[in-house]
Amino acid sequence: AEYMGHPTNPEWALATRWSSSCQQTEVVQNCSVEAYLTFDFGKNWQFVDSYVAQCGWGRAEYPEELFLVKFQHKEGNQKFGSWDKDAELYISNNLWKTHSKFIAHGNRFLLLDKFLFVASVKPEKENEVQLVVGRKDTPDFVREIAKLPFELRDHSYTILDTSE
């Protein structure tokens, strides 16, 4: 389970937990990670989605913005620890009342002070990823694939934040 307090609203939080099917003592089926929201310090929780790989709050100036990486196929046991072309990065600007696909095959993201970094699986080579960079200071995160002076067969990225 993971708990993420909101950057500007202290009563709000986003949390993940294992689905109840993960705790079966017999054959575990349809085990997944679920995301939940609270607006009252955890007294009440609202279900967001299941088969979640990662979730997090968006930019502080957009308090209802959420990011969520979720799997399209919601059956069987959720995959963990590997890249998957069926996972997609979604964004919501209204606390998940509506949401839209933000980056196809986006498996992991990191929101820093000025940029959004997303590792996106190359669908034709599922064990390789490309880095998508979005500018945080634009309403729709003007984004593009990182351009390097040479081609890499990237299997992961490490982002080092040197702003502090």
# chains A, B, ... in the order shown; residues from 1 in each chain; ligands from 1
>>> closest_atom_pairs(of="stretch 73-129 of chain A", to="stretch 53-62 of chain A", cutoff="9 Å", atoms="only C-alpha atoms", output="CSV")
residue,atom,partner,partner_atom,distance
A:Gln78,CA,A:Ala53,CA,8.7
A:Lys79,CA,A:Ala53,CA,8.7
A:Phe80,CA,A:Ala53,CA,7.8
A:Ala87,CA,A:Ala53,CA,7.7
A:Leu89,CA,A:Gln54,CA,8.8
A:Ile91,CA,A:Gly58,CA,8.5
A:Ser92,CA,A:Gly58,CA,8.9
A:Asn93,CA,A:Tyr62,CA,7.4
A:Asn107,CA,A:Ala53,CA,7.4
A:Arg108,CA,A:Gln54,CA,6.8
A:Phe109,CA,A:Gln54,CA,8.0
A:Leu111,CA,A:Gly58,CA,7.5
A:Asp113,CA,A:Arg59,CA,9.0
>>> residues_around(residues="stretch 23-32 of chain A", least_positions_apart="3", cutoff="12 Å", atoms="only C-alpha atoms", output="ChimeraX atom specification")
/A:1,16-20,35,49-54,70-71,73-80
>>> select_by_dssp(residues="stretch 59-112 of chain A", states="strand (DSSP E or B)", output="PyMOL selection string")
chain A and resi 66-71+87-92+100-103+106-111
>>> residues_around(residues="stretch 129-138 of chain A", least_positions_apart="6", cutoff="6 Å", atoms="only C-alpha atoms", output="VMD selection string")
chain A and resid 114 to 122 144 to 146 154 to 155
>>> select_by_dssp(residues="chain A", states="helix (DSSP H, G or I)", output="mmCIF file with all heavy atoms, in the first residue's frame")
data_model
loop_
_atom_site.group_PDB
_atom_site.id
_atom_site.type_symbol
_atom_site.label_atom_id
_atom_site.label_comp_id
_atom_site.auth_asym_id
_atom_site.auth_seq_id
_atom_site.Cartn_x
_atom_site.Cartn_y
_atom_site.Cartn_z
ATOM 1 N N SER A 20 -8.890 -7.277 -2.473
ATOM 2 C CA SER A 20 -9.200 -8.328 -1.502
ATOM 3 C C SER A 20 -8.913 -9.717 -2.059
ATOM 4 O O SER A 20 -8.598 -10.634 -1.301
ATOM 5 C CB SER A 20 -10.659 -8.224 -1.051
ATOM 6 O OG SER A 20 -11.515 -8.325 -2.157
ATOM 7 N N SER A 21 -8.966 -9.888 -3.376
ATOM 8 C CA SER A 21 -8.692 -11.206 -3.958
ATOM 9 C C SER A 21 -7.233 -11.624 -3.801
ATOM 10 O O SER A 21 -6.907 -12.797 -3.904
ATOM 11 C CB SER A 21 -9.098 -11.238 -5.427
ATOM 12 O OG SER A 21 -8.382 -10.273 -6.152
ATOM 13 N N CYS A 22 -6.360 -10.674 -3.508
ATOM 14 C CA CYS A 22 -4.938 -11.004 -3.309
ATOM 15 C C CYS A 22 -4.718 -11.754 -1.993
ATOM 16 O O CYS A 22 -3.693 -12.395 -1.811
ATOM 17 C CB CYS A 22 -4.087 -9.738 -3.299
ATOM 18 S SG CYS A 22 -4.112 -8.813 -4.828
ATOM 19 N N GLN A 23 -5.661 -11.649 -1.078
ATOM 20 C CA GLN A 23 -5.495 -12.265 0.231
ATOM 21 C C GLN A 23 -6.166 -13.622 0.360
ATOM 22 O O GLN A 23 -6.266 -14.163 1.459
ATOM 23 C CB GLN A 23 -6.021 -11.305 1.300
ATOM 24 C CG GLN A 23 -5.065 -10.150 1.512
ATOM 25 C CD GLN A 23 -5.771 -8.820 1.502
ATOM 26 O OE1 GLN A 23 -6.785 -8.660 2.141
ATOM 27 N NE2 GLN A 23 -5.222 -7.871 0.769
#
>>> residues_around(residues="stretch 95-103 of chain A", least_positions_apart="6", cutoff="8 Å", atoms="only C-alpha atoms", output="ChimeraX atom specification")
/A:48,64-66,88-89,120
>>> write_last_selection(atoms="N, CA, C and O atoms", output="PDB file, in the first residue's frame")
ATOM      1  N   VAL A  48     -11.132   4.609  -7.076  1.00  0.00           N
ATOM      2  CA  VAL A  48     -10.729   5.288  -8.316  1.00  0.00           C
ATOM      3  C   VAL A  48     -10.656   4.291  -9.460  1.00  0.00           C
ATOM      4  O   VAL A  48     -11.350   4.425 -10.462  1.00  0.00           O
ATOM      5  N   GLU A  64      -7.051  19.455  -8.687  1.00  0.00           N
ATOM      6  CA  GLU A  64      -7.834  18.254  -8.963  1.00  0.00           C
ATOM      7  C   GLU A  64      -7.179  17.353 -10.005  1.00  0.00           C
ATOM      8  O   GLU A  64      -7.779  16.396 -10.479  1.00  0.00           O
ATOM      9  N   GLU A  65      -5.922  17.634 -10.344  1.00  0.00           N
ATOM     10  CA  GLU A  65      -5.216  16.860 -11.367  1.00  0.00           C
ATOM     11  C   GLU A  65      -4.620  15.586 -10.760  1.00  0.00           C
ATOM     12  O   GLU A  65      -3.979  15.618  -9.716  1.00  0.00           O
ATOM     13  N   LEU A  66      -4.870  14.470 -11.445  1.00  0.00           N
ATOM     14  CA  LEU A  66      -4.333  13.161 -11.051  1.00  0.00           C
ATOM     15  C   LEU A  66      -3.701  12.489 -12.254  1.00  0.00           C
ATOM     16  O   LEU A  66      -4.180  12.636 -13.387  1.00  0.00           O
ATOM     17  N   GLU A  88      -1.142   2.103 -19.666  1.00  0.00           N
ATOM     18  CA  GLU A  88      -1.246   3.432 -20.286  1.00  0.00           C
ATOM     19  C   GLU A  88      -1.276   4.489 -19.186  1.00  0.00           C
ATOM     20  O   GLU A  88      -1.828   4.256 -18.110  1.00  0.00           O
ATOM     21  N   LEU A  89      -0.705   5.655 -19.467  1.00  0.00           N
ATOM     22  CA  LEU A  89      -0.756   6.772 -18.520  1.00  0.00           C
ATOM     23  C   LEU A  89      -1.992   7.613 -18.826  1.00  0.00           C
ATOM     24  O   LEU A  89      -2.183   8.075 -19.952  1.00  0.00           O
ATOM     25  N   SER A 120       7.891   5.213 -21.607  1.00  0.00           N
ATOM     26  CA  SER A 120       6.856   4.647 -22.459  1.00  0.00           C
ATOM     27  C   SER A 120       7.425   3.442 -23.201  1.00  0.00           C
ATOM     28  O   SER A 120       8.487   3.523 -23.819  1.00  0.00           O
TER      29      SER A 120
END
>>> atom_distance(atom1="atom CA of A:Tyr157", atom2="atom CA of A:Leu37")
29.0 Å
>>> decode(residues="stretch 33-49 of chain A", atoms="N, CA and C atoms", output="PDB file, in the first residue's frame")
ATOM      1  N   VAL A  33      -3.759  -4.080  -7.900  1.00  0.00           N
ATOM      2  CA  VAL A  33      -3.628  -2.906  -7.034  1.00  0.00           C
ATOM      3  C   VAL A  33      -4.796  -1.980  -7.348  1.00  0.00           C
ATOM      4  N   GLU A  34      -5.436  -1.455  -6.295  1.00  0.00           N
ATOM      5  CA  GLU A  34      -6.553  -0.528  -6.440  1.00  0.00           C
ATOM      6  C   GLU A  34      -6.153   0.838  -5.905  1.00  0.00           C
ATOM      7  N   ALA A  35      -6.678   1.884  -6.527  1.00  0.00           N
ATOM      8  CA  ALA A  35      -6.424   3.259  -6.080  1.00  0.00           C
ATOM      9  C   ALA A  35      -7.695   3.838  -5.469  1.00  0.00           C
ATOM     10  N   TYR A  36      -7.505   4.662  -4.418  1.00  0.00           N
ATOM     11  CA  TYR A  36      -8.613   5.296  -3.706  1.00  0.00           C
ATOM     12  C   TYR A  36      -8.279   6.752  -3.398  1.00  0.00           C
ATOM     13  N   LEU A  37      -9.323   7.573  -3.264  1.00  0.00           N
ATOM     14  CA  LEU A  37      -9.194   8.981  -2.873  1.00  0.00           C
ATOM     15  C   LEU A  37      -9.951   9.220  -1.570  1.00  0.00           C
ATOM     16  N   THR A  38      -9.425  10.127  -0.738  1.00  0.00           N
ATOM     17  CA  THR A  38     -10.158  10.609   0.425  1.00  0.00           C
ATOM     18  C   THR A  38     -10.083  12.131   0.459  1.00  0.00           C
ATOM     19  N   PHE A  39     -11.129  12.746   0.967  1.00  0.00           N
ATOM     20  CA  PHE A  39     -11.181  14.203   1.078  1.00  0.00           C
ATOM     21  C   PHE A  39     -11.423  14.644   2.514  1.00  0.00           C
ATOM     22  N   ASP A  40     -11.371  13.667   3.457  1.00  0.00           N
ATOM     23  CA  ASP A  40     -11.670  13.963   4.859  1.00  0.00           C
ATOM     24  C   ASP A  40     -10.719  13.226   5.811  1.00  0.00           C
ATOM     25  N   PHE A  41      -9.436  13.305   5.513  1.00  0.00           N
ATOM     26  CA  PHE A  41      -8.390  12.686   6.339  1.00  0.00           C
ATOM     27  C   PHE A  41      -8.565  11.169   6.475  1.00  0.00           C
ATOM     28  N   GLY A  42      -9.176  10.517   5.503  1.00  0.00           N
ATOM     29  CA  GLY A  42      -9.281   9.071   5.515  1.00  0.00           C
ATOM     30  C   GLY A  42     -10.520   8.505   6.185  1.00  0.00           C
ATOM     31  N   LYS A  43     -11.445   9.343   6.585  1.00  0.00           N
ATOM     32  CA  LYS A  43     -12.692   8.819   7.179  1.00  0.00           C
ATOM     33  C   LYS A  43     -13.499   8.066   6.130  1.00  0.00           C
ATOM     34  N   ASN A  44     -13.533   8.581   4.927  1.00  0.00           N
ATOM     35  CA  ASN A  44     -14.251   7.950   3.816  1.00  0.00           C
ATOM     36  C   ASN A  44     -13.311   7.857   2.619  1.00  0.00           C
ATOM     37  N   TRP A  45     -13.410   6.754   1.901  1.00  0.00           N
ATOM     38  CA  TRP A  45     -12.566   6.525   0.732  1.00  0.00           C
ATOM     39  C   TRP A  45     -13.432   6.282  -0.482  1.00  0.00           C
ATOM     40  N   GLN A  46     -13.017   6.843  -1.609  1.00  0.00           N
ATOM     41  CA  GLN A  46     -13.720   6.704  -2.887  1.00  0.00           C
ATOM     42  C   GLN A  46     -12.843   5.870  -3.823  1.00  0.00           C
ATOM     43  N   PHE A  47     -13.390   4.791  -4.364  1.00  0.00           N
ATOM     44  CA  PHE A  47     -12.664   3.942  -5.303  1.00  0.00           C
ATOM     45  C   PHE A  47     -12.361   4.724  -6.576  1.00  0.00           C
ATOM     46  N   VAL A  48     -11.132   4.609  -7.076  1.00  0.00           N
ATOM     47  CA  VAL A  48     -10.729   5.288  -8.316  1.00  0.00           C
ATOM     48  C   VAL A  48     -10.656   4.291  -9.460  1.00  0.00           C
ATOM     49  N   ASP A  49      -9.802   3.273  -9.331  1.00  0.00           N
ATOM     50  CA  ASP A  49      -9.638   2.298 -10.409  1.00  0.00           C
ATOM     51  C   ASP A  49      -8.868   1.094  -9.886  1.00  0.00           C
TER      52      ASP A  49
END
